[in-house]
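Raw contents of entry_34.cif, mmCIF, C-alpha atoms:
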data_upload
loop_
_atom_site.label_atom_id
_atom_site.label_comp_id
_atom_site.auth_asym_id
_atom_site.auth_seq_id
_atom_site.Cartn_x
_atom_site.Cartn_y
_atom_site.Cartn_z
CA MET F 293 25.13 6.62 17.57
CA ASN F 294 23.67 6.71 14.08
CA PHE F 295 23.72 3.83 11.62
CA SER F 296 26.64 5.18 9.55
CA GLN F 297 28.89 4.86 12.61
CA PHE F 298 27.96 1.26 13.30
CA PRO F 299 30.61 -1.34 12.29
CA GLN F 300 29.30 -3.14 9.20
CA ALA F 301 31.46 -6.19 9.92
CA VAL F 302 29.26 -6.90 12.95
CA ILE F 303 26.16 -7.05 10.74
CA LYS F 304 27.83 -9.41 8.28
CA GLU F 305 29.05 -11.65 11.10
CA ASN F 306 25.50 -11.85 12.46
CA VAL F 307 24.13 -12.76 9.03
CA ASP F 308 26.62 -15.66 8.84
CA TYR F 309 25.71 -16.62 12.41
CA THR F 310 22.01 -16.58 11.49
CA VAL F 311 22.42 -18.89 8.50
CA LYS F 312 24.39 -21.37 10.62
CA GLU F 313 21.95 -21.14 13.52
CA ILE F 314 18.83 -21.61 11.37
CA THR F 315 20.42 -24.67 9.77
CA ASN F 316 21.27 -26.03 13.20
CA VAL F 317 17.78 -25.35 14.63
CA ILE F 318 16.02 -27.15 11.77
CA LYS F 319 18.32 -30.15 11.94
CA ARG F 320 18.44 -30.37 15.72
CA TYR F 321 14.90 -29.57 16.87
CA GLY F 322 12.68 -30.82 14.05
CA PRO F 323 9.17 -29.68 13.03
CA ARG F 324 7.87 -26.68 14.97
CA GLU F 325 4.11 -26.98 15.01
CA SER F 326 2.54 -24.08 16.91
CA GLY F 327 2.64 -24.83 20.62
CA ASN F 328 4.66 -28.02 20.45
CA ASP F 329 7.69 -28.99 22.53
CA ASN F 330 10.07 -28.24 19.66
CA CYS F 331 9.06 -24.58 19.65
CA TYR F 332 9.69 -24.37 23.37
CA ALA F 333 13.02 -26.17 22.95
CA VAL F 334 14.15 -23.62 20.36
CA GLN F 335 13.09 -20.76 22.63
CA LYS F 336 15.09 -22.28 25.50
CA HIS F 337 18.04 -22.64 23.11
CA LEU F 338 17.74 -18.93 22.35
CA LYS F 339 17.48 -18.07 26.03
CA LYS F 340 20.73 -19.86 26.80
CA GLU F 341 22.43 -17.82 24.08
CA MET F 342 20.89 -14.49 25.07
CA ASP F 343 21.51 -14.86 28.79
CA THR F 344 25.12 -13.93 28.01
CA PHE F 345 24.34 -10.46 26.65
CA CYS F 346 20.91 -9.48 28.00
CA ASP F 347 19.88 -8.00 31.34
CA GLU F 348 16.76 -10.14 31.60
CA THR F 349 15.27 -13.14 29.82
CA GLY F 350 12.14 -15.13 30.47
CA PHE F 351 8.99 -16.83 29.28
CA GLU F 352 5.30 -16.04 29.44
CA GLU F 353 2.93 -18.98 29.17
CA TYR F 354 -0.51 -18.89 27.58
CA GLN F 355 -3.04 -21.41 26.28
CA MET F 356 -3.74 -22.18 22.62
CA ALA F 357 -5.28 -24.78 20.30
CA PRO F 358 -2.81 -25.31 17.43
CA LYS F 359 -5.16 -26.80 14.83
CA ALA F 360 -8.22 -24.66 15.60
CA PHE F 361 -7.26 -21.90 13.18
CA LEU F 362 -7.34 -24.03 10.02
CA LEU F 363 -9.06 -27.31 10.90
CA PHE F 364 -12.41 -25.74 10.05
CA THR F 365 -11.43 -26.06 6.38
CA LYS F 366 -11.78 -29.83 6.68
CA VAL F 367 -15.04 -29.61 8.62
CA VAL F 368 -16.91 -27.17 6.40
CA SER F 369 -15.78 -28.87 3.19
CA ILE F 370 -17.04 -32.27 4.37
CA LEU F 371 -20.30 -30.80 5.66
CA PHE F 372 -21.02 -28.98 2.41
CA ILE F 373 -20.22 -31.97 0.22
CA LEU F 374 -22.57 -34.08 2.34
CA SER F 375 -25.23 -31.35 2.26
CA VAL F 376 -25.31 -31.65 -1.54
CA VAL F 377 -24.67 -35.32 -2.21
CA VAL F 378 -26.92 -36.85 0.49
CA PRO F 379 -30.04 -34.73 -0.22
CA LEU F 380 -29.65 -35.33 -3.96
CA LEU F 381 -29.54 -39.07 -3.32
CA LEU F 382 -32.67 -38.75 -1.21
CA VAL F 383 -34.37 -36.85 -4.03
CA TYR F 384 -33.70 -39.75 -6.40
CA LEU F 385 -35.10 -42.09 -3.76
CA ASP F 386 -38.28 -39.96 -3.66
CA VAL F 387 -37.80 -39.22 0.03
CA PHE F 388 -38.65 -35.54 -0.47
CA ASP F 389 -41.77 -36.15 -2.57
CA GLY F 390 -44.58 -34.26 -0.90
CA VAL F 391 -42.16 -32.55 1.51
CA GLY F 392 -42.29 -28.90 0.56
CA PRO F 393 -43.56 -27.34 -2.68
CA ASN F 394 -41.14 -29.42 -4.81
CA PRO F 395 -38.59 -32.24 -4.25
CA PHE F 396 -35.62 -29.82 -4.33
CA PHE F 397 -37.05 -27.29 -1.87
CA VAL F 398 -35.69 -28.85 1.34
CA PRO F 399 -32.34 -29.87 -0.25
CA GLN F 400 -31.87 -26.25 -1.39
CA ILE F 401 -32.43 -25.00 2.14
CA ILE F 402 -29.95 -27.56 3.52
CA ALA F 403 -27.20 -26.74 0.98
CA GLY F 404 -27.78 -22.99 1.21
CA SER F 405 -27.71 -23.02 5.02
CA VAL F 406 -24.45 -24.97 5.13
CA ALA F 407 -22.96 -22.58 2.55
CA CYS F 408 -23.95 -19.57 4.69
CA VAL F 409 -22.50 -21.09 7.85
CA SER F 410 -19.28 -22.03 5.99
CA LEU F 411 -18.86 -18.47 4.72
CA ILE F 412 -19.46 -16.97 8.16
CA ILE F 413 -16.92 -19.29 9.79
CA ALA F 414 -14.34 -18.51 7.08
CA VAL F 415 -14.81 -14.76 7.55
CA LEU F 416 -14.48 -15.06 11.33
CA GLN F 417 -11.46 -17.38 11.23
CA LEU F 418 -9.44 -16.25 8.21
CA GLY F 419 -10.85 -12.80 7.51
CA LEU F 420 -11.04 -11.29 11.00
CA TYR F 421 -8.82 -13.76 12.92
CA LEU F 422 -11.52 -14.17 15.56
CA PRO F 423 -10.95 -17.52 17.32
CA PHE F 424 -14.47 -18.85 16.79
CA ALA F 425 -13.33 -22.47 16.38
CA ASP F 426 -11.18 -22.49 19.53
CA ILE F 427 -14.17 -23.34 21.71
CA PHE F 428 -14.34 -26.75 20.04
CA HIS F 429 -10.70 -27.62 20.69
CA LYS F 430 -8.70 -28.59 23.75
CA LYS F 431 -6.04 -26.01 24.52
CA LYS F 432 -2.43 -26.65 25.50
CA PRO F 433 0.31 -24.46 26.98
CA ALA F 434 2.56 -22.42 24.68
CA HIS F 435 5.19 -19.80 25.40
CA ASN F 436 6.42 -16.39 24.36
CA PHE F 437 10.12 -15.76 25.00
CA TYR F 438 11.54 -12.32 25.71
CA ALA F 439 14.99 -10.87 26.29
CA VAL F 440 15.69 -7.34 27.49
CA ARG F 441 18.73 -5.08 27.12
CA LYS F 442 18.62 -1.96 29.30
CA PRO F 443 20.06 1.42 28.29
CA GLN F 444 22.82 3.20 30.17
CA GLY F 445 20.42 5.87 31.40
CA GLU F 446 16.82 6.01 32.57
CA VAL F 447 14.39 3.93 30.51
CA LYS F 448 12.21 6.42 28.64
CA LYS F 449 11.52 4.45 25.47
CA ARG F 450 11.10 0.80 24.56
CA ILE F 451 11.40 -0.85 21.17
CA ILE F 452 10.36 -4.46 20.73
CA VAL F 453 11.66 -6.50 17.81
CA SER F 454 9.45 -9.53 17.30
CA GLY F 455 9.58 -12.72 15.26
CA HIS F 456 7.66 -15.99 15.56
CA VAL F 457 9.35 -19.35 16.04
CA ASP F 458 6.51 -21.66 14.98
CA ALA F 459 6.17 -22.95 11.42
CA ALA F 460 3.11 -23.56 9.27
CA TYR F 461 1.25 -26.70 8.31
CA GLU F 462 1.96 -27.49 4.67
CA TRP F 463 -0.33 -25.87 2.10
CA ARG F 464 -0.78 -28.28 -0.80
CA HIS F 465 -2.07 -25.58 -3.17
CA ILE F 466 1.40 -24.03 -3.15
CA LEU F 467 3.44 -27.23 -2.90
CA TYR F 468 1.90 -28.71 -6.05
CA SER F 469 1.85 -25.50 -8.07
CA LYS F 470 5.51 -24.53 -8.04
CA TYR F 471 5.62 -23.40 -11.68
CA VAL F 472 1.95 -22.56 -12.29
CA ARG F 473 0.67 -20.63 -9.29
CA LEU F 474 -2.74 -22.03 -8.46
CA MET F 475 -3.13 -20.79 -4.89
CA PHE F 476 -5.40 -17.84 -5.61
CA PRO F 477 -7.40 -19.46 -8.46
CA LEU F 478 -8.24 -22.51 -6.33
CA MET F 479 -9.14 -20.45 -3.29
CA ALA F 480 -11.18 -18.11 -5.48
CA TRP F 481 -13.03 -21.13 -6.88
CA THR F 482 -14.00 -22.22 -3.36
CA ILE F 483 -15.07 -18.76 -2.19
CA LEU F 484 -16.94 -17.95 -5.41
CA GLY F 485 -18.62 -21.34 -5.29
CA VAL F 486 -19.96 -20.72 -1.78
CA ILE F 487 -21.34 -17.33 -2.81
CA ILE F 488 -22.92 -18.85 -5.92
CA SER F 489 -24.51 -21.59 -3.82
CA ILE F 490 -26.08 -19.02 -1.52
CA ILE F 491 -27.42 -17.06 -4.50
CA VAL F 492 -28.72 -20.24 -6.16
CA THR F 493 -30.56 -21.20 -2.98
CA VAL F 494 -32.21 -17.79 -2.67
CA LEU F 495 -33.24 -17.72 -6.35
CA SER F 496 -34.62 -21.25 -6.19
CA ILE F 497 -36.74 -20.48 -3.14
CA VAL F 498 -38.00 -17.25 -4.65
CA ALA F 499 -38.81 -19.01 -7.92
CA THR F 500 -40.83 -21.57 -5.97
CA TYR F 501 -43.31 -18.92 -4.88
CA LYS F 502 -43.01 -16.29 -7.61
CA ALA F 503 -43.44 -16.79 -11.34
CA MET F 504 -40.10 -16.18 -13.04
CA GLY F 505 -40.77 -17.83 -16.39
CA THR F 506 -38.36 -20.31 -17.92
CA PHE F 507 -35.51 -19.12 -15.69
CA GLY F 508 -37.61 -19.80 -12.60
CA GLU F 509 -38.53 -23.28 -13.78
CA PHE F 510 -34.87 -24.03 -14.43
CA MET F 511 -33.86 -22.85 -10.94
CA VAL F 512 -36.58 -24.93 -9.28
CA ASN F 513 -35.90 -28.14 -11.20
CA TYR F 514 -32.20 -27.97 -12.04
CA GLY F 515 -30.64 -25.19 -9.93
CA PHE F 516 -29.57 -27.65 -7.27
CA TYR F 517 -27.02 -29.19 -9.65
CA ILE F 518 -25.14 -25.86 -9.74
CA HIS F 519 -23.97 -26.65 -6.20
CA PHE F 520 -21.60 -29.22 -7.66
CA PHE F 521 -19.44 -26.30 -8.84
CA THR F 522 -19.01 -25.50 -5.15
CA VAL F 523 -18.51 -29.18 -4.28
CA ILE F 524 -15.41 -29.21 -6.50
CA GLY F 525 -14.14 -26.08 -4.73
CA MET F 526 -14.76 -27.76 -1.39
CA ILE F 527 -12.70 -30.77 -2.49
CA PHE F 528 -9.85 -28.33 -3.17
CA LEU F 529 -10.42 -26.82 0.28
CA PHE F 530 -10.40 -30.23 1.99
CA TYR F 531 -6.95 -30.98 0.58
CA PHE F 532 -5.65 -27.45 1.15
CA VAL F 533 -3.90 -28.02 4.50
CA ASP F 534 -1.75 -31.07 5.25
CA PHE F 535 -1.76 -31.28 9.05
CA SER F 536 0.70 -34.18 9.00
CA THR F 537 3.50 -32.11 7.46
CA ILE F 538 5.12 -29.00 8.97
CA SER F 539 7.14 -26.56 6.91
CA PRO F 540 10.78 -26.30 8.06
CA GLY F 541 10.09 -22.56 8.41
CA ALA F 542 13.64 -21.42 7.61
CA ASN F 543 12.52 -18.15 6.07
CA ASP F 544 9.04 -18.02 7.60
CA ASN F 545 9.96 -17.25 10.21
CA LEU F 546 13.33 -18.19 11.65
CA THR F 547 14.72 -15.19 9.77
CA GLY F 548 12.38 -13.01 11.82
CA THR F 549 13.23 -14.89 15.00
CA TYR F 550 16.93 -14.27 14.51
CA ALA F 551 16.31 -10.65 13.51
CA ALA F 552 14.99 -10.21 17.06
CA VAL F 553 17.91 -12.13 18.58
CA CYS F 554 20.57 -10.38 16.53
CA ALA F 555 19.11 -6.94 17.15
CA ILE F 556 20.50 -7.17 20.67
CA ARG F 557 23.45 -9.39 19.77
CA MET F 558 24.73 -6.81 17.27
CA LEU F 559 24.50 -4.00 19.83
CA ASP F 560 26.41 -6.11 22.33
CA MET F 561 29.12 -7.13 19.86
CA ALA F 562 29.67 -3.51 18.82
CA GLY F 563 29.71 -2.33 22.43
CA VAL F 564 26.84 0.08 21.83
CA GLU F 565 25.06 1.36 24.94
CA LEU F 566 21.80 3.09 24.11
CA LYS F 567 20.93 6.29 25.97
CA ASN F 568 17.37 5.83 27.15
CA THR F 569 15.91 3.02 25.00
CA GLU F 570 15.19 -0.45 26.29
CA VAL F 571 15.43 -3.08 23.55
CA VAL F 572 13.27 -6.18 23.82
CA ALA F 573 13.70 -9.22 21.60
CA MET F 574 10.44 -11.15 21.56
CA VAL F 575 10.14 -14.62 20.05
CA THR F 576 6.48 -15.62 19.94
CA ASP F 577 4.76 -18.91 19.33
CA GLY F 578 1.37 -19.35 17.67
CA GLU F 579 1.52 -16.90 14.77
CA GLU F 580 0.65 -19.67 12.34
CA ALA F 581 -2.26 -20.63 14.60
CA GLY F 582 -3.95 -17.25 14.27
CA LEU F 583 -1.53 -14.79 15.95
CA LYS F 584 -2.15 -16.51 19.28
CA GLY F 585 1.18 -15.60 20.88
CA THR F 586 1.10 -11.89 20.08
CA LYS F 587 -2.56 -11.64 21.04
CA ALA F 588 -1.71 -13.14 24.44
CA TRP F 589 1.28 -10.81 24.85
CA ALA F 590 -0.66 -7.71 23.76
CA LYS F 591 -3.46 -8.54 26.18
CA ALA F 592 -1.06 -9.05 29.07
CA HIS F 593 0.96 -5.86 28.43
CA ARG F 594 -1.61 -3.50 26.88
CA GLU F 595 -2.08 -1.38 29.99
CA GLU F 596 1.68 -1.09 30.52
CA TYR F 597 2.39 -0.12 26.91
CA LEU F 598 -0.48 2.33 26.50
CA ASN F 599 -0.61 4.02 29.88
CA GLY F 600 2.90 3.53 31.25
CA ASP F 601 5.66 6.14 31.32
CA VAL F 602 7.77 4.33 28.71
CA GLU F 603 6.94 5.03 25.07
CA THR F 604 6.68 1.64 23.34
CA ALA F 605 6.81 0.59 19.69
CA VAL F 606 6.86 -2.89 18.15
CA LEU F 607 8.67 -3.85 14.95
CA CYS F 608 7.59 -7.28 13.71
CA VAL F 609 9.86 -9.06 11.25
CA ASP F 610 8.43 -11.86 9.12
CA THR F 611 10.38 -13.56 6.31
CA LEU F 612 13.54 -11.96 4.95
CA THR F 613 14.01 -13.64 1.59
CA ASP F 614 12.83 -11.87 -1.56
CA LEU F 615 14.63 -8.51 -1.72
CA GLU F 616 12.52 -7.23 -4.61
CA TYR F 617 9.51 -7.40 -2.28
CA PHE F 618 11.15 -5.86 0.80
CA ASN F 619 8.34 -3.70 2.17
CA ILE F 620 6.95 -1.99 5.24
CA TYR F 621 3.48 -3.34 5.90
CA SER F 622 1.41 -0.35 6.94
CA HIS F 623 -1.83 -2.29 6.32
CA ASP F 624 -2.33 -5.75 7.72
CA MET F 625 -4.72 -8.66 8.30
CA ASN F 626 -6.25 -8.95 4.83
CA SER F 627 -5.84 -5.15 4.52
CA LEU F 628 -8.45 -4.64 7.28
CA VAL F 629 -6.07 -3.39 10.00
CA LYS F 630 -3.91 -0.27 9.82
CA ASN F 631 -0.53 -0.49 11.47
CA ASP F 632 0.78 2.70 13.05
CA LYS F 633 1.41 5.26 10.31
CA GLU F 634 3.86 7.36 12.32
CA PHE F 635 6.00 4.37 13.22
CA SER F 636 5.78 2.98 9.68
CA ASP F 637 7.07 6.32 8.37
CA PHE F 638 9.78 6.23 11.02
CA VAL F 639 10.96 2.77 9.93
CA LYS F 640 11.04 3.90 6.30
CA ALA F 641 13.24 6.87 7.25
CA ALA F 642 15.49 4.55 9.27
CA ALA F 643 15.77 2.23 6.27
CA GLU F 644 16.88 5.14 4.12
CA ASP F 645 19.50 6.01 6.72
CA ALA F 646 20.79 2.45 6.31
CA GLY F 647 20.96 2.78 2.52
CA ILE F 648 17.79 0.78 1.86
CA GLU F 649 15.99 3.45 -0.11
CA ASP F 650 13.47 1.50 -2.18
CA MET F 651 11.24 0.09 0.56
CA LYS F 652 7.56 0.75 -0.08
CA PHE F 653 4.45 0.74 2.04
CA ALA F 654 2.45 -2.37 1.33
CA SER F 655 -0.55 -4.31 2.56
CA VAL F 656 -0.87 -7.87 3.78
CA PHE F 657 -3.81 -8.57 1.50
CA MET F 658 -3.96 -12.30 2.32
CA GLY F 659 -3.27 -13.38 5.86
CA SER F 660 -1.70 -11.33 8.62
CA SER F 661 1.49 -10.50 10.45
CA ASP F 662 1.93 -10.35 14.21
CA ALA F 663 1.89 -6.56 14.00
CA ALA F 664 -1.87 -6.64 13.40
CA ALA F 665 -2.49 -8.11 16.86
CA PHE F 666 -0.60 -5.24 18.47
CA SER F 667 -2.32 -2.65 16.28
CA GLN F 668 -5.74 -4.06 17.17
CA ALA F 669 -4.82 -3.63 20.84
CA GLY F 670 -3.91 0.02 20.16
CA ILE F 671 -0.17 -0.59 20.61
CA LYS F 672 2.15 1.22 18.20
CA ALA F 673 3.42 -1.38 15.74
CA THR F 674 4.36 -2.10 12.16
CA ALA F 675 5.92 -4.95 10.19
CA ILE F 676 8.66 -5.49 7.65
CA ALA F 677 8.98 -8.49 5.37
CA ALA F 678 10.67 -9.50 2.15
CA MET F 679 8.48 -12.12 0.50
CA ASP F 680 6.85 -12.51 -2.88
CA PRO F 681 3.10 -12.02 -2.21
CA ALA F 682 2.17 -14.26 -5.15
CA PRO F 683 2.86 -16.14 -2.77
CA ALA F 684 6.43 -17.43 -2.96
CA ASP F 685 6.87 -21.05 -3.99
CA TYR F 686 8.45 -21.92 -0.60
CA TYR F 687 5.64 -20.34 1.43
CA HIS F 688 4.10 -22.75 3.96
CA ASN F 689 5.57 -25.91 2.49
CA ARG F 690 8.60 -28.20 2.67
CA ARG F 691 10.64 -26.03 0.29
CA ASP F 692 11.10 -23.43 3.04
CA ASN F 693 14.32 -25.03 4.19
CA TYR F 694 17.78 -23.75 5.08
CA ASP F 695 18.96 -24.22 1.49
CA ARG F 696 16.54 -21.43 0.49
CA LEU F 697 18.00 -18.79 2.81
CA VAL F 698 19.13 -15.56 1.13
CA PRO F 699 21.93 -13.89 3.15
CA GLU F 700 21.60 -10.64 1.18
CA ALA F 701 17.95 -10.31 2.20
CA ILE F 702 18.74 -11.15 5.83
CA GLU F 703 21.46 -8.51 5.82
CA ALA F 704 19.09 -5.88 4.43
CA GLY F 705 16.55 -6.74 7.09
CA TYR F 706 19.14 -6.52 9.86
CA LYS F 707 20.26 -3.11 8.64
CA VAL F 708 16.70 -1.79 8.79
CA VAL F 709 16.12 -3.25 12.26
CA LEU F 710 19.39 -1.90 13.62
CA SER F 711 18.94 1.51 12.04
CA THR F 712 15.43 1.72 13.48
CA ILE F 713 16.70 0.97 16.99
CA LEU F 714 19.53 3.50 16.77
CA LYS F 715 17.30 6.19 15.31
CA PHE F 716 14.60 5.49 17.90
CA ASP F 717 17.14 6.05 20.68
CA GLU F 718 18.56 9.22 19.13
CA GLU F 719 15.27 10.90 18.22
#
In C-alpha cells, write the structure found in this file.
Amino acid sequence: MNFSQFPQAVIKENVDYTVKEITNVIKRYGPRESGNDNCYAVQKHLKKEMDTFCDETGFEEYQMAPKAFLLFTKVVSILFILSVVVPLLLVYLDVFDGVGPNPFFVPQIIAGSVACVSLIIAVLQLGLYLPFADIFHKKKPAHNFYAVRKPQGEVKKRIIVSGHVDAAYEWRHILYSKYVRLMFPLMAWTILGVIISIIVTVLSIVATYKAMGTFGEFMVNYGFYIHFFTVIGMIFLFYFVDFSTISPGANDNLTGTYAAVCAIRMLDMAGVELKNTEVVAMVTDGEEAGLKGTKAWAKAHREEYLNGDVETAVLCVDTLTDLEYFNIYSHDMNSLVKNDKEFSDFVKAAAEDAGIEDMKFASVFMGSSDAAAFSQAGIKATAIAAMDPAPADYYHNRRDNYDRLVPEAIEAGYKVVLSTILKFDEE
C-alpha cells in the first residue's frame, strides 16, 4: 500500500486520540523526571493499550543518574565564583604578599584553572554528551518500552519509530524571556566569559615574566578584576536549571511518544498488513538526561541491527508543534553528528508522497535528538521535529502543557511517519 491509498480519517482520528491522551497523561501521572516512577507508569499505560494490537510488548531496564547531565552547571558556577571572590578577599587581607611574583599571581592561576576545568566539563557534558559527571552520581533503574507489529510475510526489514516519554527540568532562561529571547545571549555571556577568563589568566602570567609595557602592568595589577565579567555569567548559569520544576512535556515529547504509538495503531485501525517490514514503536526514557535511554538501547541491540539479517532504520520523532519549522534533522548533537543521509533522503521523499513538500534538512545546532545516539553507534537513523529553534517559548518550561498542542502539526508528523513506514515496506 502507498500513502495515497491509506484512509485519511484514520489519521485524523489518531490525532484527536493523541490530544486526549496527552491531556490525560499529564493530568493523571504528573511530572515525568527522567527515570522516575511516573515515566514508568506512563510506559505501562501505553503497554496496556498496545497489547491489544501488537504482537509483542515489553520493557528493557537500564541504569541512569537523572540529574548528572545538568547538575554540573550548579557545581562549576559555584566553584568559579568562589575561585574569584575568595582569592580576591585574601589579596586584600595581604595573604598572598610574598607568595609568587605579585599578589595576584596565585589567584590568577586558581581562577584560570577553574575556568579551564569548567570549560572541559561543559564540552564533555553538553557538547559531546559524554557522561563524565555520571561517576559522581548514584544511578537508579529506568526503562525503555517497545512494542512490535510483525508483517504478514518473512521479516526482512525493520523500522523503529521512537519518542521519549521523560520531560525536562525547567530552564529559567526561557521561562523568564517569553517576549525577549535571552537564552542564547545569556549562555553566550557565560561561555564567552569563561574563554575570556582563560585568556586573561594566560596574559597575566606571561606579563609577570615578560615586559609588555603599560598593557602588561595593567594585566598584572588589574587583570584579575576582568574575571567578574565571567562571575556574572556564572550567576546566570547557576540559575539556568530549576531542578524542582519539571516541564509538563506535552509537545516535548509526548507528541513524539504518541507518534510511535499511533504509527502501529493507525496500521491496525486501517487493517494494513505490511509485507516484510516489522514495525517497532519505542518509547524511551532519559533523553532529557543526556540520551541515556537510546544509548542503552543502541548498545544492547547494536550487533543485531548492524550484523543481523534484518535491515533496520530508526525514525526519531521529537516535538510536533511549529509547522513552519517542520524539518528532517540530518545533522545532530550540536551539529557534530551526521544522521544517515540515505535514510534522511528517504524520509524526505516519503514526506513528499504524503503531501508535505516543504520539509528541509536541518541541524540540531544546540542540544541533540535521540537519533544522534543511534547514529554514533553506526545504526541507520534520522529525526524529524517541528519546533522553533530560537528556541520556542514553551521549550523546557511550564508552558509546554496540553493547551499548547497543535493538532495540525501532529497530523503532519503522523503523515510523514506513516508514509515512511509504507514506503519502507514497498521499496
Original post:
Using all atoms listed in the file, which residues sit within 8 Å of segment 480-487 of chain F once same-chain residues fewer than 6 positions away are excluded, as JSON, numbers by chain?
Top reply: {"F": [407, 408, 410, 411, 519, 521, 522, 523, 524, 525, 526, 528, 529]}
Go ahead and dump the residues you just picked, C-alpha atoms, as a PDB file, in the frame of the given file.
ATOM      1  CA  ALA F 407     -22.960 -22.580   2.550  1.00  0.00           C
ATOM      2  CA  CYS F 408     -23.950 -19.570   4.690  1.00  0.00           C
ATOM      3  CA  SER F 410     -19.280 -22.030   5.990  1.00  0.00           C
ATOM      4  CA  LEU F 411     -18.860 -18.470   4.720  1.00  0.00           C
ATOM      5  CA  HIS F 519     -23.970 -26.650  -6.200  1.00  0.00           C
ATOM      6  CA  PHE F 521     -19.440 -26.300  -8.840  1.00  0.00           C
ATOM      7  CA  THR F 522     -19.010 -25.500  -5.150  1.00  0.00           C
ATOM      8  CA  VAL F 523     -18.510 -29.180  -4.280  1.00  0.00           C
ATOM      9  CA  ILE F 524     -15.410 -29.210  -6.500  1.00  0.00           C
ATOM     10  CA  GLY F 525     -14.140 -26.080  -4.730  1.00  0.00           C
ATOM     11  CA  MET F 526     -14.760 -27.760  -1.390  1.00  0.00           C
ATOM     12  CA  PHE F 528      -9.850 -28.330  -3.170  1.00  0.00           C
ATOM     13  CA  LEU F 529     -10.420 -26.820   0.280  1.00  0.00           C
TER      14      LEU F 529
END
Original post:
What residues come out when you apply the PyMOL selection byres ((chain F and resi 562-569) around 10) to this file, written as a ChimeraX atom specification?
Top reply: /F:293,298-303,441-451,556-561,570-572,602-604,713-714,716-718
Subject >> Phe437 of chain F environment, 6 Å, only C-alpha atoms, sequence neighbours closer than 6 positions dropped, as a list in words >> reply: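 Near Phe437 of chain F, the qualifying residues are Gly350, Phe351, Met574 and Val575 of chain F.
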What are the closest atom pairs, with distances in Å to one decimal, for each residue of segment 406-470 of chain F lying within 10 Å of segment 578-590 of chain F, using all atoms listed in the file, rows by chain and rising residue number, as a Markdown table?
| residue | atom | partner | partner_atom | distance |
| --- | --- | --- | --- | --- |
| F:Gln417 | CA | F:Gly582 | CA | 8.1 |
| F:Leu418 | CA | F:Gly582 | CA | 8.2 |
| F:Leu420 | CA | F:Gly582 | CA | 9.8 |
| F:Tyr421 | CA | F:Gly582 | CA | 6.1 |
| F:Leu422 | CA | F:Gly582 | CA | 8.3 |
| F:Pro423 | CA | F:Gly582 | CA | 7.6 |
| F:Ala434 | CA | F:Gly578 | CA | 7.7 |
| F:His435 | CA | F:Gly585 | CA | 7.4 |
| F:Asn436 | CA | F:Gly585 | CA | 6.3 |
| F:Phe437 | CA | F:Gly585 | CA | 9.8 |
| F:Ser454 | CA | F:Thr586 | CA | 9.1 |
| F:Gly455 | CA | F:Glu579 | CA | 9.1 |
| F:His456 | CA | F:Glu579 | CA | 6.3 |
| F:Val457 | CA | F:Gly578 | CA | 8.1 |
| F:Asp458 | CA | F:Gly578 | CA | 6.2 |
| F:Ala459 | CA | F:Glu580 | CA | 6.5 |
| F:Ala460 | CA | F:Glu580 | CA | 5.5 |
| F:Tyr461 | CA | F:Glu580 | CA | 8.1 |
**OP:** Output the residue selection produced by the PyMOL selection byres ((chain F and resi 672) around 8) on the file above, formatted as a VMD selection string.
**Re:** chain F and resid 604 to 606 631 to 632 635 666 to 667 670 to 671 673 to 674
**OP:** Name the closest residue to Glu341 of chain F among the candidates F:Ala439, F:Ala403, F:Ile412, F:Ile620; distances are taken between atoms, counting all atoms listed in the file.
**Re:** F:Ala439
Original post:
When you draw a straight line from atom CA of Arg690 of chain F to atom CA of Asn316 of chain F, how long is it in Å?
Top reply: 16.6 Å
Could you give me, as a tab-separated table (two decimals) with C-alpha atoms, keeping the file's coordinate frame, the residues within 9 Å of Met475 of chain F, counting only C-alpha atoms and dropping anything in the same chain fewer than 2 positions from it?
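Saved result, part.tsv, follows:
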chain	number	residue	atom	x	y	z
F	464	ARG	CA	-0.78	-28.28	-0.80
F	465	HIS	CA	-2.07	-25.58	-3.17
F	466	ILE	CA	1.40	-24.03	-3.15
F	469	SER	CA	1.85	-25.50	-8.07
F	473	ARG	CA	0.67	-20.63	-9.29
F	477	PRO	CA	-7.40	-19.46	-8.46
F	478	LEU	CA	-8.24	-22.51	-6.33
F	479	MET	CA	-9.14	-20.45	-3.29
F	480	ALA	CA	-11.18	-18.11	-5.48
F	682	ALA	CA	2.17	-14.26	-5.15
F	683	PRO	CA	2.86	-16.14	-2.77
**OP:** Rank F:Ile452, F:Ala360, F:Val494, F:Leu381 by their smallest atom-to-atom distance to Lys431 of chain F, using only C-alpha atoms, and report the top residue only.
**Re:** F:Ala360
Original post:
Nearest to Gly659 of chain F: which of F:Asp624, F:Asp692, F:Glu634, F:Glu348 is it, counting only C-alpha atoms?
Top reply: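 That would be F:Asp624, the residue with the smallest distance to Gly659 of chain F.
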**OP:** I need the residue set behind the PyMOL selection byres ((chain F and resi 326-336) around 6) for this file; please write it as a list of chain:residue names.
**Re:** F:Tyr321, F:Arg324, F:Glu325, F:His337, F:Leu338, F:Lys339, F:Pro358, F:Ala434, F:Asp458, F:Gly578
Axis-aligned box over every listed atom of segment 497-508 of chain F, padded by 4 Å per side: centre and edges in Å to one decimal, as JSON?
{"center_x": -39.5, "center_y": -18.9, "center_z": -10.5, "size_x": 15.9, "size_y": 13.4, "size_z": 22.8}
**OP:** In Å, rounded to a single decimal, give me how far atom CA of Leu612 of chain F is from atom CA of Met625 of chain F.
**Re:** 18.9 Å
Original post:
Any idea what's packed within 12 Å of Glu649 of chain F, counting all atoms listed in the file, ignoring anything in its chain fewer than 5 positions away? Could you give it as a VMD selection string?
Top reply: chain F and resid 618 to 620 639 to 644 704 707 to 708
**OP:** Excluding segment 694-701 of chain F and residues on its chain fewer than 5 positions from it, collect all residues at most 8 Å away from it, counting all atoms listed in the file, and give them as JSON, numbers by chain.
**Re:** {"F": [307, 308, 311, 314, 315, 318, 542, 543, 612, 613, 614, 615, 678]}
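In this model, the gap between atom CA of Phe372 of chain F and atom CA of Gly505 of chain F comes to 29.5 Å.
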